[in-house]
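Student: Below is the structure I would like to discuss, written out as C-alpha cells.
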Amino acid sequence: MDKSRRLFLQMGSGAAASFALSNCGRSPSSVSGAQQALQAQSLPPTPACGSESATPSQTAGPFYTPNSPERSSLLEPGTTGTPIILTGQVLSSGCSPIANALLDFWHTDDQGNYDNAGFTLRGHQFTDDQGRYRLETIIPGIYPGRTRHFHVRVQAPDKRLLTTQLYFPGENLNDRDGLFQPELLMTINAEQPENQATFDFVL
C-alpha cells in the first residue's frame, strides 16, 4: 500500500463478487419509488469541471463508519433490491483526471435501514489512472425524513476530504428534503440491461 492509501484508511483489502439479487422482502412502495427514480426523463447533467464548479459538500450524517472494506461491489449473498451501477470520474477544477483518489460509499438497504454494526452496503475504492470509478450496488430505500440518496467521501491524494451525498432524479421527496441540492443529482439511464447512473466529482 502506497503512502496516499496509508493516509486515507488502514484496513484489510477484499474484493466482493457480484451476486444474483433476490426481490423477496421488498415492499410495493419501495419498488415503486425505485422505479420512479429510474424512469425520470430530461435529466440534468452532472457538474462540469471548471474553476467555480466544485462538487458541493454535505453532512456525513450520523451513520458513517470508518475502515470500510475495499471493494467496488457492495452486493453480498442475500442482498435484495433493485441493482444499479454508478460510474464516473474524479476530476480537478482544471478538468484533469485524479488517479488514486479515495471514494468511500455507504447507504441504506432497500427498506431504508443502515447497517451500523457491520459493513453491509459500505465500501471504499480508489480511482484508476484516468480518475475513473465503478460502484455496483442497489438503489437505497427511503430513510425517514430524507429523500433517496447515496453517501460518499472523496479525497484526492494528500488533499482535503470532500463529504457529500448523491441524489436520484424524479424523486417526489427531493423538494421536501432540506439537504437536497440539484447539483448533486446523478444522471440515470434505465434503458440499459443494468440500471446505469453516472456522476463526476470535481475537487
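Naming works like this for the C-alpha cells: A, B, ... for the chains as they're shown, residue 1 at the start of each chain, ligands 1 onward in shown order.
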Give me, as number ranges by chain, all polymer residues having an atom no more than 9 Å from region 162-164 of chain A, counting only C-alpha atoms and skipping those fewer than 4 positions away in the same chain.
Tutor: A: 55-60, 150-155, 184, 203
Student: With region 61-68 of chain A as the partner and 7 Å as the cut-off, tabulate the residues of region 118-199 of chain A that qualify, each row holding the nearest pair of atoms and their distance in Å to one decimal, using only C-alpha atoms, sorted by chain and rising number, as CSV.
Tutor:
residue,atom,partner,partner_atom,distance
A:Phe119,CA,A:Ser68,CA,6.3
A:Arg122,CA,A:Ser68,CA,6.2
A:Gly123,CA,A:Ser68,CA,5.0
A:His124,CA,A:Ser68,CA,6.3
Student: Would you mind exporting all heavy atoms of the selected residues as a compact mmCIF listing (two decimals), in the first residue's frame?
Tutor:
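Below is the file again-v7.txt, written as the result:
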# COMPACT_ATOMS: atom_id res chain seq x y z
N PHE A 119 -20.62 -3.85 7.90
CA PHE A 119 -20.27 -3.10 6.70
C PHE A 119 -21.16 -3.44 5.52
O PHE A 119 -20.75 -3.32 4.37
CB PHE A 119 -18.80 -3.35 6.35
CG PHE A 119 -17.85 -2.80 7.37
CD1 PHE A 119 -17.22 -3.65 8.27
CD2 PHE A 119 -17.61 -1.44 7.46
CE1 PHE A 119 -16.35 -3.15 9.22
CE2 PHE A 119 -16.73 -0.92 8.40
CZ PHE A 119 -16.10 -1.78 9.29
N ARG A 122 -21.53 -0.88 2.48
CA ARG A 122 -20.47 0.07 2.78
C ARG A 122 -19.18 -0.43 2.13
O ARG A 122 -18.90 -1.63 2.14
CB ARG A 122 -20.24 0.22 4.29
CG ARG A 122 -21.44 0.75 5.06
CD ARG A 122 -21.16 0.72 6.56
NE ARG A 122 -22.31 1.17 7.34
CZ ARG A 122 -22.54 2.42 7.71
NH1 ARG A 122 -21.67 3.37 7.37
NH2 ARG A 122 -23.61 2.74 8.40
N GLY A 123 -18.40 0.48 1.57
CA GLY A 123 -17.13 0.08 1.00
C GLY A 123 -16.40 1.24 0.36
O GLY A 123 -17.02 2.26 0.03
N HIS A 124 -15.09 1.10 0.21
CA HIS A 124 -14.30 2.15 -0.43
C HIS A 124 -13.50 1.57 -1.58
O HIS A 124 -13.29 0.36 -1.69
CB HIS A 124 -13.37 2.83 0.58
CG HIS A 124 -12.15 2.04 0.91
ND1 HIS A 124 -12.13 1.05 1.87
CD2 HIS A 124 -10.89 2.10 0.40
CE1 HIS A 124 -10.92 0.52 1.94
NE2 HIS A 124 -10.14 1.14 1.06
Student: With only C-alpha atoms as the basis for distance, which of A:Ala117, A:Ala54, A:Leu74, A:Val90 is at the shortest distance from Pro140 (chain A)?
Tutor: A:Leu74
Student: What are the closest atom pairs, with distances in Å to one decimal, for each residue of region 114-175 of chain A lying within 10 Å of region 195-200 of chain A, using only C-alpha atoms, rows by chain and rising residue number, as a tab-separated table?
Tutor:
residue	atom	partner	partner_atom	distance
A:Gly131	CA	A:Asp200	CA	9.6
A:Arg132	CA	A:Asp200	CA	8.9
A:Tyr133	CA	A:Asp200	CA	9.4
A:Arg134	CA	A:Thr198	CA	9.3
A:Leu135	CA	A:Ala197	CA	9.6
A:Glu136	CA	A:Gln196	CA	9.7
A:Ile138	CA	A:Asn195	CA	9.6
A:Ile139	CA	A:Asn195	CA	9.6
A:Leu166	CA	A:Phe199	CA	8.3
A:Phe168	CA	A:Ala197	CA	9.1
Student: Nearest to Asp110 (chain A) among A:Pro83, A:Gly170, A:Pro157, A:Gly94, with distances taken over only C-alpha atoms: which residue is it?
Tutor: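 Counting only C-alpha atoms, the residue closest to Asp110 (chain A) is A:Pro83.
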Student: With only C-alpha atoms as the basis for distance, which of A:Ser96, A:Thr80, A:Asn189, A:Thr87 is at the shortest distance from Cys49 (chain A)?
Tutor: A:Ser96
